[in-house]
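Colleague: Contents of input-v5.cif (mmCIF, C-alpha atoms) are below:
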```cif
data_input
loop_
_atom_site.label_atom_id
_atom_site.label_comp_id
_atom_site.auth_asym_id
_atom_site.auth_seq_id
_atom_site.Cartn_x
_atom_site.Cartn_y
_atom_site.Cartn_z
CA MET A 1 -17.08 -51.63 36.57
CA LEU A 2 -14.26 -51.37 34.09
CA THR A 3 -12.42 -49.03 36.45
CA THR A 4 -12.87 -51.55 39.25
CA ALA A 5 -11.45 -54.18 36.97
CA PHE A 6 -8.41 -52.06 36.16
CA VAL A 7 -7.84 -51.20 39.80
CA LEU A 8 -7.99 -54.90 40.63
CA VAL A 9 -5.66 -55.71 37.75
CA PHE A 10 -2.99 -53.33 38.92
CA PHE A 11 -3.21 -53.48 42.70
CA TYR A 12 -4.95 -56.67 43.72
CA ALA A 13 -4.01 -59.54 41.43
CA PRO A 14 -0.64 -61.11 42.26
CA LEU A 15 2.18 -60.96 39.75
CA ASP A 16 2.59 -64.07 37.68
CA ALA A 17 5.59 -66.10 38.78
CA ASP A 18 7.37 -66.44 35.43
CA GLN A 19 5.79 -63.73 33.34
CA GLY A 20 5.75 -60.88 35.80
CA PHE A 21 4.03 -57.64 34.97
CA VAL A 22 3.30 -58.46 31.32
CA GLN A 23 0.88 -61.13 32.40
CA LYS A 24 -1.54 -58.34 33.35
CA ILE A 25 -2.40 -57.88 29.69
CA PHE A 26 -4.21 -61.19 30.03
CA TYR A 27 -7.01 -59.41 31.91
CA VAL A 28 -7.68 -57.20 28.91
CA HIS A 29 -6.86 -59.60 26.11
CA VAL A 30 -8.84 -62.71 27.03
CA PRO A 31 -12.08 -60.94 28.04
CA MET A 32 -11.95 -58.91 24.83
CA ALA A 33 -11.52 -62.07 22.78
CA ILE A 34 -14.41 -63.81 24.54
CA VAL A 35 -16.68 -60.80 24.16
CA ALA A 36 -15.77 -60.36 20.49
CA LEU A 37 -16.55 -64.00 19.70
CA CYS A 38 -19.83 -63.84 21.60
CA GLY A 39 -20.56 -60.63 19.70
CA PHE A 40 -20.06 -62.42 16.38
CA VAL A 41 -22.40 -65.23 17.43
CA ALA A 42 -24.94 -62.71 18.77
CA GLY A 43 -24.77 -60.87 15.44
CA GLY A 44 -25.69 -64.15 13.75
CA LEU A 45 -28.65 -64.65 16.12
CA PHE A 46 -29.90 -61.11 15.46
CA ALA A 47 -29.60 -61.86 11.76
CA VAL A 48 -31.83 -64.91 12.22
CA MET A 49 -34.38 -62.65 13.89
CA HIS A 50 -34.09 -60.20 11.01
CA LEU A 51 -34.77 -62.85 8.39
CA ARG A 52 -37.72 -64.10 10.40
CA THR A 53 -39.41 -60.82 11.19
CA ARG A 54 -38.12 -58.66 8.32
CA ASP A 55 -37.69 -55.88 10.83
CA VAL A 56 -34.86 -53.50 9.89
CA ARG A 57 -34.09 -52.87 13.55
CA TRP A 58 -32.82 -56.43 13.95
CA ASP A 59 -30.51 -55.87 11.03
CA MET A 60 -29.31 -52.71 12.72
CA ARG A 61 -28.58 -54.66 15.91
CA SER A 62 -26.77 -57.33 13.96
CA TYR A 63 -24.73 -54.70 12.14
CA VAL A 64 -23.79 -52.84 15.31
CA THR A 65 -22.72 -55.96 17.23
CA ILE A 66 -20.61 -57.27 14.37
CA HIS A 67 -19.15 -53.85 13.73
CA LEU A 68 -18.03 -53.44 17.35
CA SER A 69 -16.85 -57.04 17.56
CA ILE A 70 -14.52 -56.39 14.63
CA VAL A 71 -13.15 -53.34 16.45
CA LEU A 72 -12.61 -55.47 19.56
CA ALA A 73 -11.03 -58.18 17.44
CA VAL A 74 -8.40 -55.72 16.22
CA GLY A 75 -7.66 -54.94 19.85
CA VAL A 76 -7.46 -58.64 20.65
CA LEU A 77 -4.98 -59.30 17.85
CA LEU A 78 -2.82 -56.35 18.92
CA THR A 79 -2.76 -57.13 22.65
CA GLY A 80 -2.32 -60.83 21.90
CA SER A 81 0.65 -60.05 19.73
CA ILE A 82 2.24 -57.91 22.43
CA TRP A 83 1.65 -60.61 25.00
CA ALA A 84 3.06 -63.29 22.72
CA ARG A 85 6.15 -61.17 22.11
CA ALA A 86 6.65 -60.72 25.82
CA SER A 87 6.04 -64.26 26.97
CA TRP A 88 7.07 -66.45 24.01
CA GLY A 89 9.51 -64.12 22.34
CA HIS A 90 7.72 -63.92 19.00
CA TRP A 91 5.13 -61.52 17.67
CA TRP A 92 3.20 -64.32 16.06
CA VAL A 93 3.15 -68.05 16.85
CA TRP A 94 1.54 -70.46 14.41
CA ASP A 95 1.20 -73.41 16.75
CA GLU A 96 -1.20 -71.65 19.08
CA PRO A 97 -4.72 -72.65 17.94
CA MET A 98 -6.38 -69.64 19.56
CA LEU A 99 -4.31 -67.17 17.58
CA VAL A 100 -4.77 -68.91 14.25
CA SER A 101 -8.49 -69.50 14.53
CA PHE A 102 -9.05 -65.97 15.77
CA LEU A 103 -7.16 -64.59 12.79
CA ILE A 104 -9.27 -66.66 10.38
CA VAL A 105 -12.48 -65.47 12.00
CA PHE A 106 -11.22 -61.89 11.88
CA LEU A 107 -10.34 -62.18 8.19
CA LEU A 108 -13.77 -63.59 7.45
CA TYR A 109 -15.60 -60.81 9.26
CA ALA A 110 -13.43 -58.17 7.67
CA THR A 111 -15.39 -58.96 4.49
CA TYR A 112 -18.60 -57.84 6.16
CA TRP A 113 -18.11 -54.16 5.31
CA PRO A 114 -17.09 -54.61 1.66
CA LEU A 115 -20.01 -57.00 1.23
CA ARG A 116 -22.53 -54.54 2.63
CA PHE A 117 -20.99 -51.66 0.77
CA SER A 118 -21.14 -53.35 -2.60
CA ILE A 119 -24.91 -53.97 -2.50
CA GLU A 120 -26.88 -50.90 -3.41
CA ASP A 121 -30.47 -51.75 -2.64
CA SER A 122 -30.84 -51.30 1.11
CA GLU A 123 -33.42 -54.05 1.58
CA LYS A 124 -31.28 -56.53 -0.33
CA GLN A 125 -28.22 -55.30 1.56
CA ALA A 126 -29.87 -56.09 4.87
CA ARG A 127 -30.96 -59.56 3.73
CA TYR A 128 -27.62 -60.55 2.26
CA ALA A 129 -25.74 -59.21 5.26
CA SER A 130 -27.99 -61.31 7.49
CA VAL A 131 -27.29 -64.44 5.50
CA PHE A 132 -23.59 -63.70 5.79
CA ALA A 133 -23.89 -63.08 9.53
CA ILE A 134 -25.65 -66.42 10.05
CA VAL A 135 -23.15 -68.40 8.01
CA ALA A 136 -20.17 -66.69 9.62
CA GLY A 137 -21.69 -66.92 13.11
CA SER A 138 -22.08 -70.67 12.82
CA PHE A 139 -18.62 -70.89 11.28
CA VAL A 140 -16.98 -69.45 14.41
CA PRO A 141 -17.34 -72.53 16.70
CA LEU A 142 -16.70 -74.97 13.85
CA ASN A 143 -13.52 -73.20 12.88
CA PHE A 144 -12.27 -73.19 16.46
CA ALA A 145 -12.89 -76.92 16.74
CA ALA A 146 -11.04 -77.68 13.51
CA VAL A 147 -8.01 -75.48 14.14
CA ARG A 148 -7.70 -76.59 17.75
CA MET A 149 -7.70 -80.21 16.60
CA ALA A 150 -4.84 -79.43 14.23
CA GLN A 151 -2.52 -78.51 17.06
CA GLN A 152 -3.23 -81.26 19.54
CA PHE A 153 -3.09 -79.03 22.57
CA VAL A 154 0.53 -77.97 22.46
CA HIS A 155 -0.04 -75.05 24.75
CA PRO A 156 -2.12 -75.01 27.90
CA GLN A 157 -5.58 -73.64 27.20
CA THR A 158 -6.10 -70.44 29.09
CA LEU A 159 -9.75 -71.11 29.64
CA ALA A 160 -9.26 -74.65 30.81
CA THR A 161 -6.94 -73.41 33.48
CA THR A 162 -9.25 -70.59 34.55
CA THR A 163 -11.16 -72.82 36.88
CA GLY A 164 -8.41 -75.18 37.92
CA GLY A 165 -5.04 -73.51 37.74
CA MET A 166 -5.73 -69.92 38.69
CA PRO A 167 -5.33 -68.64 42.22
CA PRO A 168 -8.57 -67.14 43.57
CA LYS A 169 -7.30 -63.57 43.49
CA MET A 170 -6.51 -63.85 39.78
CA ALA A 171 -9.79 -65.60 39.06
CA LEU A 172 -11.75 -62.84 40.76
CA THR A 173 -9.92 -60.15 38.80
CA PHE A 174 -10.49 -62.09 35.61
CA VAL A 175 -14.24 -62.41 36.21
CA VAL A 176 -14.52 -58.72 37.03
CA ALA A 177 -12.61 -57.91 33.84
CA ILE A 178 -14.94 -60.07 31.74
CA VAL A 179 -18.02 -58.44 33.21
CA GLY A 180 -16.44 -55.02 32.72
CA ILE A 181 -15.65 -55.59 29.06
CA THR A 182 -19.10 -57.07 28.44
CA LEU A 183 -20.75 -54.01 29.95
CA LEU A 184 -18.46 -51.76 27.91
CA PHE A 185 -19.46 -53.64 24.77
CA ILE A 186 -23.19 -53.36 25.52
CA THR A 187 -22.88 -49.66 26.32
CA LEU A 188 -20.98 -49.01 23.10
CA CYS A 189 -23.68 -50.91 21.18
CA LYS A 190 -26.38 -48.77 22.76
CA TYR A 191 -24.46 -45.59 21.96
CA GLU A 192 -23.93 -46.54 18.37
CA MET A 193 -27.60 -47.48 17.93
CA ALA A 194 -28.66 -44.17 19.47
CA SER A 195 -26.29 -42.23 17.25
CA LYS A 196 -27.51 -44.04 14.13
CA HIS A 197 -31.13 -43.40 15.06
CA ALA A 198 -30.40 -39.72 15.66
CA THR A 199 -28.62 -39.42 12.30
CA PHE A 200 -31.56 -40.90 10.45
CA ARG A 201 -34.09 -38.75 12.32
CA LEU A 202 -32.05 -35.68 11.50
CA ARG A 203 -31.80 -36.65 7.86
CA ALA A 204 -35.54 -37.23 7.63
CA LEU A 205 -36.31 -33.90 9.27
CA ARG A 206 -33.88 -32.03 7.03
CA ARG A 207 -35.39 -33.63 3.99
CA ARG A 208 -38.84 -32.57 5.07
CA LEU A 209 -37.63 -29.02 5.65
CA ALA A 210 -35.75 -28.68 2.39
CA GLY A 211 -38.24 -30.52 0.26
CA ASP A 212 -37.37 -33.59 -1.75
CA ASP A 213 -36.20 -31.74 -4.87
CA ASP A 214 -33.23 -29.74 -3.74
CA PHE A 215 -31.95 -32.38 -1.36
CA ALA A 216 -28.69 -34.05 -2.20
CA PRO A 217 -29.07 -37.82 -2.41
CA VAL A 218 -27.55 -39.75 0.47
CA GLY A 219 -24.31 -41.45 -0.41
CA ARG A 220 -24.05 -45.22 -0.30
CA SER A 221 -23.14 -46.59 3.05
CA ALA A 222 -22.30 -49.91 4.59
CA ALA A 223 -24.55 -49.15 7.54
CA PRO A 224 -28.20 -50.16 7.40
CA GLN A 225 -30.68 -47.43 6.56
CA LEU A 226 -33.74 -47.00 8.69
CA MET B 1 -38.10 -81.39 -6.47
CA ARG B 2 -36.04 -84.19 -7.98
CA GLU B 3 -37.18 -83.40 -11.52
CA THR B 4 -36.46 -79.72 -11.05
CA VAL B 5 -32.97 -80.45 -9.79
CA ALA B 6 -32.36 -82.82 -12.69
CA ALA B 7 -33.58 -80.26 -15.21
CA LEU B 8 -31.46 -77.46 -13.74
CA LEU B 9 -28.41 -79.68 -13.50
CA ALA B 10 -28.84 -80.84 -17.11
CA LYS B 11 -29.08 -77.20 -18.16
CA ASP B 12 -25.87 -76.27 -16.34
CA LEU B 13 -23.95 -79.22 -17.70
CA ALA B 14 -25.19 -78.57 -21.25
CA LEU B 15 -24.23 -74.92 -20.91
CA GLU B 16 -20.73 -75.83 -19.74
CA LEU B 17 -20.36 -78.41 -22.51
CA ARG B 18 -21.28 -75.85 -25.16
CA THR B 19 -19.51 -72.74 -23.90
CA ARG B 20 -16.59 -74.50 -22.14
CA GLU B 21 -16.08 -71.54 -19.90
CA ALA B 22 -15.23 -72.61 -16.36
CA VAL B 23 -13.70 -76.08 -16.44
CA PRO B 24 -10.92 -75.54 -19.04
CA ALA B 25 -9.95 -72.33 -17.29
CA MET B 26 -9.74 -74.14 -13.96
CA VAL B 27 -7.62 -76.94 -15.45
CA LEU B 28 -5.26 -74.51 -17.13
CA PHE B 29 -5.00 -72.52 -13.94
CA SER B 30 -4.09 -75.62 -11.90
CA VAL B 31 -1.36 -76.70 -14.31
CA THR B 32 0.06 -73.19 -14.43
CA THR B 33 0.06 -73.09 -10.65
CA TYR B 34 2.11 -76.31 -10.52
CA VAL B 35 4.68 -74.67 -12.76
CA ILE B 36 4.72 -71.64 -10.50
CA PHE B 37 5.13 -73.86 -7.44
CA HIS B 38 8.00 -75.63 -9.14
CA PHE B 39 9.86 -72.37 -9.59
CA GLY B 40 8.62 -70.76 -6.37
CA LEU B 41 9.75 -73.69 -4.23
CA ASP B 42 12.71 -74.48 -6.48
CA ARG B 43 12.01 -78.21 -6.14
CA ASP B 44 11.67 -80.87 -8.84
CA THR B 45 9.58 -83.22 -6.70
CA VAL B 46 7.54 -82.78 -3.58
CA GLU B 47 6.28 -85.34 -1.08
CA GLY B 48 4.45 -85.69 2.21
CA ASP B 49 3.13 -82.49 3.84
CA LEU B 50 4.46 -80.25 1.12
CA ALA B 51 2.85 -82.28 -1.67
CA ALA B 52 -0.52 -82.24 0.09
CA GLY B 53 -0.23 -78.51 0.65
CA VAL B 54 0.68 -77.72 -2.96
CA LEU B 55 -2.14 -79.90 -4.29
CA TRP B 56 -4.81 -78.43 -2.02
CA VAL B 57 -3.82 -74.80 -2.38
CA THR B 58 -3.91 -75.25 -6.15
CA LEU B 59 -7.29 -76.98 -6.12
CA LEU B 60 -8.70 -74.37 -3.74
CA PHE B 61 -7.68 -71.45 -5.93
CA ALA B 62 -8.90 -73.25 -9.03
CA SER B 63 -12.26 -73.82 -7.40
CA ILE B 64 -12.48 -70.09 -6.60
CA LEU B 65 -12.50 -69.52 -10.37
CA GLY B 66 -15.40 -71.94 -10.75
CA ILE B 67 -17.30 -70.37 -7.83
CA ASN B 68 -16.87 -66.99 -9.47
CA ARG B 69 -18.49 -68.17 -12.70
CA LEU B 70 -21.26 -70.23 -11.09
CA PHE B 71 -24.21 -67.84 -11.30
CA VAL B 72 -22.95 -65.50 -14.00
CA ALA B 73 -25.20 -66.89 -16.74
CA GLU B 74 -28.28 -66.60 -14.51
CA HIS B 75 -27.38 -63.08 -13.54
CA GLU B 76 -26.63 -61.79 -17.03
CA GLN B 77 -29.42 -63.53 -18.92
CA GLY B 78 -32.19 -63.09 -16.39
CA GLY B 79 -32.30 -66.73 -15.38
CA PHE B 80 -33.08 -65.78 -11.78
CA ASP B 81 -36.34 -64.12 -12.78
CA GLY B 82 -37.32 -67.09 -14.90
CA PHE B 83 -36.57 -69.43 -12.04
CA LEU B 84 -38.50 -67.35 -9.52
CA LEU B 85 -41.54 -67.25 -11.83
CA ALA B 86 -41.56 -71.03 -12.12
CA PRO B 87 -43.68 -72.80 -9.50
CA VAL B 88 -40.83 -74.87 -8.04
CA ASP B 89 -39.03 -75.14 -4.75
CA ARG B 90 -36.22 -72.61 -4.55
CA THR B 91 -33.87 -74.94 -2.76
CA ALA B 92 -33.81 -76.96 -5.98
CA LEU B 93 -31.59 -74.25 -7.48
CA PHE B 94 -29.12 -74.60 -4.62
CA VAL B 95 -29.00 -78.40 -4.92
CA ALA B 96 -28.60 -78.26 -8.69
CA LYS B 97 -25.87 -75.62 -8.56
CA ALA B 98 -23.98 -77.42 -5.83
CA LEU B 99 -24.14 -80.67 -7.83
CA ALA B 100 -22.96 -78.83 -10.94
CA LEU B 101 -20.02 -77.33 -9.04
CA PHE B 102 -19.25 -80.76 -7.60
CA ALA B 103 -19.24 -82.23 -11.12
CA PHE B 104 -16.98 -79.43 -12.43
CA LEU B 105 -14.53 -79.98 -9.60
CA CYS B 106 -14.45 -83.72 -10.28
CA VAL B 107 -13.72 -83.15 -13.97
CA VAL B 108 -11.01 -80.63 -13.12
CA GLU B 109 -9.41 -83.05 -10.68
CA LEU B 110 -9.51 -85.84 -13.29
CA VAL B 111 -6.93 -83.80 -15.18
CA ALA B 112 -5.28 -81.78 -12.43
CA VAL B 113 -4.42 -84.63 -10.07
CA PRO B 114 -2.70 -86.80 -12.73
CA ALA B 115 -0.91 -83.67 -13.92
CA PHE B 116 0.26 -83.12 -10.36
CA ALA B 117 1.48 -86.73 -10.13
CA VAL B 118 3.42 -86.34 -13.37
CA LEU B 119 4.84 -82.89 -12.83
CA LEU B 120 5.61 -82.58 -9.15
CA LEU B 121 4.81 -85.61 -7.03
CA GLY B 122 7.83 -87.61 -5.88
CA PRO B 123 6.40 -90.95 -4.64
CA SER B 124 4.30 -93.03 -7.01
CA PRO B 125 0.62 -92.34 -6.40
CA GLY B 126 -0.65 -95.84 -7.29
CA GLN B 127 -1.26 -97.09 -3.75
CA ALA B 128 -2.69 -93.79 -2.61
CA LEU B 129 -5.44 -93.71 -5.22
CA PRO B 130 -8.46 -95.14 -3.32
CA GLY B 131 -7.82 -92.97 -0.27
CA LEU B 132 -7.21 -89.93 -2.41
CA VAL B 133 -10.50 -90.40 -4.26
CA LEU B 134 -12.35 -90.52 -0.95
CA VAL B 135 -10.68 -87.33 0.34
CA LEU B 136 -11.27 -85.55 -2.97
CA ALA B 137 -14.96 -86.47 -2.93
CA LEU B 138 -15.46 -85.27 0.65
CA ALA B 139 -13.55 -82.04 0.08
CA ASN B 140 -15.39 -81.41 -3.19
CA ALA B 141 -18.69 -81.74 -1.38
CA GLY B 142 -17.60 -79.15 1.18
CA ILE B 143 -16.29 -76.76 -1.47
CA ALA B 144 -19.49 -77.22 -3.50
CA ALA B 145 -21.81 -76.44 -0.58
CA THR B 146 -19.89 -73.42 0.70
CA GLY B 147 -18.98 -72.24 -2.79
CA THR B 148 -22.56 -72.22 -4.04
CA LEU B 149 -23.63 -70.20 -1.04
CA VAL B 150 -20.79 -67.70 -1.49
CA ALA B 151 -21.46 -67.46 -5.22
CA ALA B 152 -25.13 -66.71 -4.61
CA LEU B 153 -24.21 -64.09 -2.00
CA ALA B 154 -21.67 -62.40 -4.19
CA ILE B 155 -23.51 -62.41 -7.52
CA GLN B 156 -25.75 -59.49 -6.55
CA THR B 157 -22.92 -57.29 -5.35
CA ARG B 158 -21.04 -54.84 -7.50
CA ALA B 159 -17.62 -56.24 -6.66
CA ARG B 160 -18.27 -59.94 -7.24
CA ASP B 161 -14.69 -60.78 -8.21
CA LEU B 162 -13.43 -59.31 -4.96
CA ILE B 163 -16.09 -60.62 -2.63
CA VAL B 164 -15.90 -64.28 -3.73
CA PRO B 165 -12.26 -64.96 -2.73
CA LEU B 166 -12.50 -62.79 0.38
CA LEU B 167 -15.51 -64.75 1.61
CA ALA B 168 -14.68 -68.20 0.33
CA LEU B 169 -11.05 -68.46 1.44
CA PRO B 170 -11.59 -68.06 5.21
CA LEU B 171 -14.73 -70.20 5.06
CA LEU B 172 -12.83 -72.98 3.30
CA VAL B 173 -9.82 -72.95 5.64
CA PRO B 174 -11.15 -75.98 7.62
CA VAL B 175 -11.62 -77.93 4.36
CA VAL B 176 -8.08 -77.27 3.20
CA LEU B 177 -6.71 -77.97 6.65
CA ALA B 178 -8.49 -81.30 6.99
CA ALA B 179 -7.90 -82.30 3.35
CA ALA B 180 -4.20 -81.49 3.50
CA ARG B 181 -3.79 -83.41 6.76
CA THR B 182 -5.55 -86.46 5.35
CA THR B 183 -3.62 -86.36 2.08
CA ALA B 184 -0.18 -85.88 3.62
CA PRO B 185 0.33 -89.53 4.71
CA LEU B 186 -0.85 -90.71 1.26
CA PHE B 187 2.06 -88.89 -0.38
CA ALA B 188 4.62 -90.01 2.19
CA GLN B 189 8.11 -90.78 0.96
CA GLY B 190 8.04 -94.49 1.69
CA GLY B 191 4.67 -95.30 0.11
CA ALA B 192 1.12 -94.52 1.21
CA GLU B 193 0.25 -94.73 4.88
CA PRO B 194 -3.30 -95.23 6.17
CA LEU B 195 -5.71 -92.27 6.27
CA PRO B 196 -6.12 -90.46 9.58
CA GLY B 197 -9.73 -91.14 10.52
CA ASP B 198 -10.33 -88.12 12.76
CA TRP B 199 -9.54 -85.69 9.93
CA LEU B 200 -11.90 -87.54 7.61
CA ALA B 201 -14.54 -87.09 10.29
CA VAL B 202 -13.83 -83.35 10.41
CA LEU B 203 -14.26 -83.15 6.63
CA ALA B 204 -17.54 -85.05 6.75
CA LEU B 205 -18.78 -82.92 9.64
CA TYR B 206 -17.91 -79.73 7.75
CA ASP B 207 -19.80 -80.98 4.68
CA LEU B 208 -22.83 -81.81 6.78
CA VAL B 209 -22.90 -78.53 8.72
CA PHE B 210 -22.41 -76.30 5.71
CA ALA B 211 -24.87 -78.21 3.55
CA LEU B 212 -27.47 -77.73 6.29
CA ILE B 213 -26.69 -74.03 6.81
CA ALA B 214 -26.74 -73.37 3.08
CA TYR B 215 -30.00 -75.30 2.73
CA ALA B 216 -31.54 -73.18 5.49
CA VAL B 217 -30.49 -69.73 4.31
CA PHE B 218 -30.41 -70.10 0.54
CA ASP B 219 -34.08 -69.15 0.08
CA PHE B 220 -33.40 -65.65 1.39
CA LEU B 221 -30.84 -64.99 -1.31
CA LEU B 222 -33.36 -65.41 -4.11
CA GLU B 223 -36.30 -63.23 -3.16
CA ASP B 224 -36.80 -60.14 -5.24
#
```
Just give me the structure of the file as structure tokens.
Modeller:
Amino acid sequence: MLTTAFVLVFFYAPLDADQGFVQKIFYVHVPMAIVALCGFVAGGLFAVMHLRTRDVRWDMRSYVTIHLSIVLAVGVLLTGSIWARASWGHWWVWDEPMLVSFLIVFLLYATYWPLRFSIEDSEKQARYASVFAIVAGSFVPLNFAAVRMAQQFVHPQTLATTTGGMPPKMALTFVVAIVGITLLFITLCKYEMASKHATFRLRALRRRLAGDDDFAPVGRSAAPQL
Amino acid sequence: MRETVAALLAKDLALELRTREAVPAMVLFSVTTYVIFHFGLDRDTVEGDLAAGVLWVTLLFASILGINRLFVAEHEQGGFDGFLLAPVDRTALFVAKALALFAFLCVVELVAVPAFAVLLLGPSPGQALPGLVLVLALANAGIAATGTLVAALAIQTRARDLIVPLLALPLLVPVVLAAARTTAPLFAQGGAEPLPGDWLAVLALYDLVFALIAYAVFDFLLED
């Protein structure tokens, strides 16, 4: 799917009239941003489930989605910066609400790891991280509303023009790109969950083999322990 | 519930009155920050946008100090255990702590805002006073709700001093944004202009949303 998207990006979608080739970064940048934000909100929803059921697996899901969303967010900030440099002439523009609110959200979520890492008890770590994920998840839309209000729509909103202003060929490519990135995100989540599960299985088996006494204690980690 | 909140609040206020730990530090910090702004900006007076920005950045950083200290006594002296053993609603602790933080911020501002008017502010603040009090109250409520939540989150971690500013600053960006925008016309060069209503609405909305979120999740921070 992602390959299809890239093929479409390079060979199908028409070149933008005033931005030319650089505009193609839009097909990577915007879907990544949307998926990352949805990932943050989804992490908050998983955290609600964790607090309700007290099931560590929900905490694991919340952790993995937020973790990958932060990785995507780094990508979003980098590609956005490149795009801004190419089309507006500056690496960073303060009067673009999307950029500013995204940076704030990114800074907030960057605290997620230090927060998890600095709590030793794993049960407490999971609970506190969930509370953080809920607060931050509900902060995302609020923050976007506030920052967007501050700028009074100086620049055209990309999303608002998706339906109206985009020629059908571009729109199709854009939709394919969104679906592609979403699928990529879900696959990565699955992989990371599988890898975490395997690590914990392995650790448990090793411990059983070696006996509890001569087994080195597991170092502290920001990741949830199963 | 009401009696519990009153008892907890009275305890916090009595504690602060006797130890004088947080509030004097916050006041001193604010005044020092004005001095630093004076030299950093190399300006004798500020007005308009700049005045609002200086005031709110200072108050925000001062409130971080208060947030940092908020649960320290409970944590060090075992107050959490005592509270959990008592047959009372746990949300009472959140309400009481948020009210205490609100009170601290008000006391700090009683000194810090006049100090700002004397030291840095260009235009006379007389006309701006009623509007300013309203903005301060709304912003204090937002800082108190979010700050109490952040303080309770951070108190159990090993790196409390690091976690509190890292968490609180991004979460409080909308408060500072809205507060600075509402205060800017009050400090305008040619006398106070009317308050922008939409930004007041944003402040009130923020207070409401974060008070509700904090109310909903605070219970989970106390179980042990």
Colleague: Starting from the shown file, work through the PyMOL selection byres ((chain A and resi 123) around 12) and note down what comes out as an MDAnalysis selection string.
Modeller: (chainID A and resid 50:51 54:56 59:60 116 119:122 124:130 223:226) or (chainID B and resid 220:221 223:224)
Colleague: Listing only residues of chain B within 7 Å of chain A, what is the closest atom pair and its distance in Å (to one decimal) for each, using all atoms listed in the file, sorted by chain and residue number ascending, as JSON lines?
Modeller:
```
{"residue": "B:Leu153", "atom": "CA", "partner": "A:Tyr128", "partner_atom": "CA", "distance": 6.5}
{"residue": "B:Gln156", "atom": "CA", "partner": "A:Ile119", "partner_atom": "CA", "distance": 6.9}
{"residue": "B:Thr157", "atom": "CA", "partner": "A:Ile119", "partner_atom": "CA", "distance": 4.8}
{"residue": "B:Arg158", "atom": "CA", "partner": "A:Ser118", "partner_atom": "CA", "distance": 5.1}
{"residue": "B:Ala159", "atom": "CA", "partner": "A:Ser118", "partner_atom": "CA", "distance": 6.1}
{"residue": "B:Ile163", "atom": "CA", "partner": "A:Leu115", "partner_atom": "CA", "distance": 6.6}
{"residue": "B:Leu166", "atom": "CA", "partner": "A:Thr111", "partner_atom": "CA", "distance": 6.3}
{"residue": "B:Leu167", "atom": "CA", "partner": "A:Leu108", "partner_atom": "CA", "distance": 6.2}
{"residue": "B:Pro170", "atom": "CA", "partner": "A:Leu108", "partner_atom": "CA", "distance": 5.5}
{"residue": "B:Pro174", "atom": "CA", "partner": "A:Ala146", "partner_atom": "CA", "distance": 6.1}
{"residue": "B:Ile213", "atom": "CA", "partner": "A:Val135", "partner_atom": "CA", "distance": 6.8}
{"residue": "B:Val217", "atom": "CA", "partner": "A:Val131", "partner_atom": "CA", "distance": 6.3}
{"residue": "B:Phe220", "atom": "CA", "partner": "A:Arg127", "partner_atom": "CA", "distance": 7.0}
{"residue": "B:Leu221", "atom": "CA", "partner": "A:Tyr128", "partner_atom": "CA", "distance": 6.5}
```
Colleague: To one decimal place in Å, what is the distance between CA of Leu121 (chain B) and CA of Tyr206 (chain B)?
Modeller: 27.7 Å
Colleague: Could you put an axis-aligned box around every listed atom of region 40-50 of chain B, padded by 6 Å on each side, and send me its centre and edge lengths in Å to one decimal, as JSON?
Modeller:
```
{"center_x": 7.9, "center_y": -78.2, "center_z": -2.5, "size_x": 21.6, "size_y": 26.9, "size_z": 24.7}
```
Colleague: Quick check on the file I pasted: which residues fall under the PyMOL selection byres ((chain B and resi 132-144) around 10)? Write them as a ChimeraX atom specification.
Modeller: /B:56,59-60,63-64,66-67,95,97-106,109,113,125,127-131,145-150,168,171-172,174-176,178-180,182-183,186-187,195,199-201,203-211
Colleague: Evaluate the PyMOL selection byres ((chain B and resi 22) around 9) against this structure - the residues, as a PyMOL selection string, please.
Modeller: chain B and resi 16+19-21+23-27+65-66+69-70+104
Colleague: Under the rule that all atoms listed in the file are counted, which of A:His67, A:Arg201, A:Arg57, A:Arg52 is the nearest residue to Ala36 (chain A)?
Modeller: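 Closest to Ala36 (chain A) of all the choices is A:His67.
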Colleague: Using Å and a single decimal, report how far CA of Gly197 (chain B) sits from CA of Leu177 (chain B).
Modeller: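 Separating CA of Leu177 (chain B) from CA of Gly197 (chain B) is a distance of 14.1 Å.
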Colleague: Restricting the calculation to all atoms listed in the file, which member of A:Gly44, A:Pro141, A:Pro31, A:Gly80 is positioned closest to Val64 (chain A)?
Modeller: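 Closest candidate: A:Gly44.
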Colleague: From the set B:Asp198, B:Val118, B:Leu84, B:Ala96, which residue has the shortest atom-to-atom contact distance to Ala10 (chain B), counting all atoms listed in the file?
Modeller: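 That would be B:Ala96, the residue with the smallest distance to Ala10 (chain B).
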Colleague: CA of Thr45 (chain B) and CA of Val108 (chain B) are how many Å apart?
Modeller: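 Pair CA of Thr45 (chain B) / CA of Val108 (chain B) returns 21.7 Å.
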Colleague: Point out the residue among B:Ala62, B:Leu93, B:Ala52, B:Ala214 with the least atom-to-atom distance to Thr33 (chain B), counting all atoms listed in the file.
Modeller: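 Ranking B:Ala62, B:Leu93, B:Ala52, B:Ala214 by distance to Thr33 (chain B), first place goes to B:Ala62.
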